[in-house]
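S.K.: Questions regarding the structure given below will be posed in turn.
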Amino acid sequence: MKKFFEKKAMDYKFRKAGEGHSLSEEKPKPSVQPVKAQASRAPPSSSSRAAGGAALARMESQERGRPAGGGLTTKMPASQKPSHLHTEASASACSHGSASVVPTPPTTISVADTSMSGVVVHMICPVCQHSVPYTDTHQHLTTCLQEEYLKEPLTASVQMIHTLCREQEKRKLCIDTLCRYLGNVIDHQGEEKYLKIRVNNRAFQERVSAVEGAVLFLEAVGFKQQLLPHQDGEEQFFVLPQEKAGAEELTVHRELLTTAEPLKARVDRNLQVFQSSPRVTHFDLPTEFYNLTVDEIRKEQKSRTDVLERESVLRTRAMREKEETRLAVRHYRFVLLRIRMPGGLIVQAVFRPLEKLSEVRRLLSESLSDPTLTYSLSALGRSLQEEDGSTLAALGLVPSAVLNLSWEGRGPTSGPGLSPELLARIQQL
């Protein structure tokens with residue numbers, strides 16, 4: 001039994017035992033407050049232009065029947081290069097202080113077929129902990145939760161409702177309806193009409209039956225399908241037996257349903273090590289990196305252009321940076337980072353735009369041959385030593401970037417400083 005479901009089952013059993021026991025406290029969901037976009041007389045932001053260009057190129061190349069793997073390269077003039085698309089910038093272009101950075105060629109971003117690009121996005125299943133392709137994540141989660149239902153029907157069905165229904169309003173309406181069913185039985189003990197739910201009822205079909213896991217939840221609670229007389233004929237009903245209709249037990253079921261949270265698959269870092277290469281600034285990004293379709297980007301760009309032409313409010317630098325972050329998160333799902341080691345080796349990994357730089361440092365520390373080694377990171381013409389609490393989007397590292405690593409103090413006594421496991425699988429970029 002997976003640890004998650006063991007914990008859920010234990011919480012349920014303690015709660016079911018009676019008064020004086022409580023479910024685990026609900027952890028508050030992290031939230032990202034949307035930043036209100038401010039208008040100015042300036043043209044559309046660089047991140048909007050960049051995302052639009054990349055997605056348009058991607059979609060147009062697919063429409064022309066481009067062979068698999070034949071990436072279409074998108075290059076931008078230096079004057080229009082967005083901060084979150086280029087890899088390294090000169091120190092004079094950055095307001096965070098100067099840093100010694102060796103000039104590098106402009107970043108080249110290709111939109112390539114996933115199977116040929118060398119960047120394959122995988123996710124770690126929160127149930128079985130297996131790595132699965134991003135495009136298969138939902139189906140894999142469905143299968144895992146169905147298997148868990150055979151072991152822990154109540155908790156698994158609750159997680160199906162919260163995890164597999166992607167529409168928040170639809171999910172909320174389903175949960176509210178199920179809670180109303182249980183609440184009616186709790187509040188009207190012994191009244192037979194509240195123990196029955198007509199299957200063909202329109203509200204049941206639209207609010208409950210349409211959400212994966214909802215019918216399984218009713219069955220886990222104790223409802224059984226029966227053919228009963230209705231008007232001039234017979235119809236199917238979900239009927240709750242009297243022995244399953246105890247107020248205390250149903251209250252526990254309802255609380256479990258309302259306090260559960262969706263299971264979240266986390267990004268598989270897909271950690272790779274490459275030999276030194278002039279292609280370090282060339283990124284082949286698979287289509288999974290992009291959030292918007294070509295039509296959505298066209299519509300957004302037109303809308304933003306119209307607003308900016310109408311409004312005359314000037315934006316400060318902080319306001320522009322917040323807007324760039326918001327657009328970066330909206331346009332991209334993932335971030336591809338390459339960390340250039342002092343000896344020239346390149347470490348590559350995949351992250352999310354809202355992950356913090358501290359996550360990058362944690363992965364690097366786990367990849368070193370000596371965990372006590374200290375180092376500094378720099379990118380975009382500045383040091384990132386004081387930026388551990390900042391997100392990758394806020395730092396302008398979306399959707400791809402190269403970071404430079406330099407040792408502090410003695411450095412590794414021998415070798416490039418990476419673990420033997422990583423050194424054993426160095427490949428060409």
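Residues are referred to by chain and number: the chain letter is A, B, ... according to the order shown in the structure tokens, the number counts from 1 in that chain, and ligands are numbered separately from 1 in the order shown.
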When you look at Leu182 (chain A) with a cut-off of 12 Å (counting only C-alpha atoms), what residues show up, excluding the ones that are within fewer than 3 positions of it in the same chain? I need them as a PDB file with C-alpha atoms, in the first residue's frame.
M.R.:
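Contents of the output file result_3.pdb:
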ATOM      1  CA  ILE A 175     -18.485  17.882  -4.531  1.00  0.00           C
ATOM      2  CA  ASP A 176     -21.257  20.247  -3.388  1.00  0.00           C
ATOM      3  CA  THR A 177     -23.891  17.923  -4.838  1.00  0.00           C
ATOM      4  CA  LEU A 178     -22.415  14.826  -3.195  1.00  0.00           C
ATOM      5  CA  CYS A 179     -22.223  16.671   0.121  1.00  0.00           C
ATOM      6  CA  VAL A 185     -29.360  11.640   4.956  1.00  0.00           C
ATOM      7  CA  ILE A 186     -27.534  13.000   8.035  1.00  0.00           C
ATOM      8  CA  ASP A 187     -30.209  15.631   8.740  1.00  0.00           C
ATOM      9  CA  HIS A 188     -33.203  13.383   8.053  1.00  0.00           C
ATOM     10  CA  GLN A 189     -32.342  10.123   9.732  1.00  0.00           C
ATOM     11  CA  TYR A 194     -33.334  10.771   1.143  1.00  0.00           C
ATOM     12  CA  LEU A 195     -31.727   7.348   0.783  1.00  0.00           C
ATOM     13  CA  LYS A 196     -32.495   7.208  -2.953  1.00  0.00           C
ATOM     14  CA  ILE A 197     -30.927   9.012  -5.932  1.00  0.00           C
ATOM     15  CA  PHE A 217     -17.492   7.477  -4.267  1.00  0.00           C
ATOM     16  CA  LEU A 218     -21.215   6.792  -3.815  1.00  0.00           C
ATOM     17  CA  VAL A 221     -20.026   5.091   0.840  1.00  0.00           C
ATOM     18  CA  GLY A 222     -22.503   2.209   0.501  1.00  0.00           C
ATOM     19  CA  PHE A 223     -24.959   3.185  -2.232  1.00  0.00           C
ATOM     20  CA  LEU A 240     -28.222   3.639   0.581  1.00  0.00           C
ATOM     21  CA  LYS A 244     -24.834   2.451   6.046  1.00  0.00           C
ATOM     22  CA  ALA A 245     -26.823   5.597   6.823  1.00  0.00           C
ATOM     23  CA  GLY A 246     -25.376   6.425  10.245  1.00  0.00           C
ATOM     24  CA  ALA A 247     -24.907  10.168  10.759  1.00  0.00           C
ATOM     25  CA  GLU A 248     -21.465   9.851  12.314  1.00  0.00           C
ATOM     26  CA  GLU A 249     -20.078   7.641   9.554  1.00  0.00           C
ATOM     27  CA  LEU A 250     -21.502   9.795   6.772  1.00  0.00           C
ATOM     28  CA  THR A 251     -20.092  12.911   8.427  1.00  0.00           C
ATOM     29  CA  VAL A 252     -16.626  11.354   8.236  1.00  0.00           C
ATOM     30  CA  HIS A 253     -17.145  10.549   4.540  1.00  0.00           C
ATOM     31  CA  ARG A 254     -18.292  14.103   3.822  1.00  0.00           C
ATOM     32  CA  GLU A 255     -15.350  15.654   5.651  1.00  0.00           C
ATOM     33  CA  LEU A 257     -14.483  14.582   0.472  1.00  0.00           C
ATOM     34  CA  THR A 258     -14.320  18.289   1.310  1.00  0.00           C
TER      35      THR A 258
END
S.K.: Please run DSSP on the backbone and report, as an NGL selection string, all residues within region 136-319 of chain A that come out as strand (DSSP E).
M.R.: :A and (196-198 or 224-230 or 233-239 or 266-267 or 272-274 or 282-285)
S.K.: Ranking A:Arg362, A:His230, A:Arg340, A:Lys170 by minimum distance to Ser378 (chain A) and counting only C-alpha atoms, which one comes first?
M.R.: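 Among the listed residues, A:Arg340 lies closest to Ser378 (chain A).
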S.K.: Please provide as a ChimeraX atom specification all residues within 10 Å of region 388-395 of chain A, with the sequence filter that same-chain residues fewer than 5 positions apart are discarded (counting only C-alpha atoms).
M.R.: /A:83-84,321-329,332,335,337,351-361,379-380,400-401
S.K.: Give me, please, the distance in Å between CA of Gln139 (chain A) and CA of Val127 (chain A), quoted to one decimal.
M.R.: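 Result for CA of Gln139 (chain A) versus CA of Val127 (chain A): 12.7 Å, one decimal.
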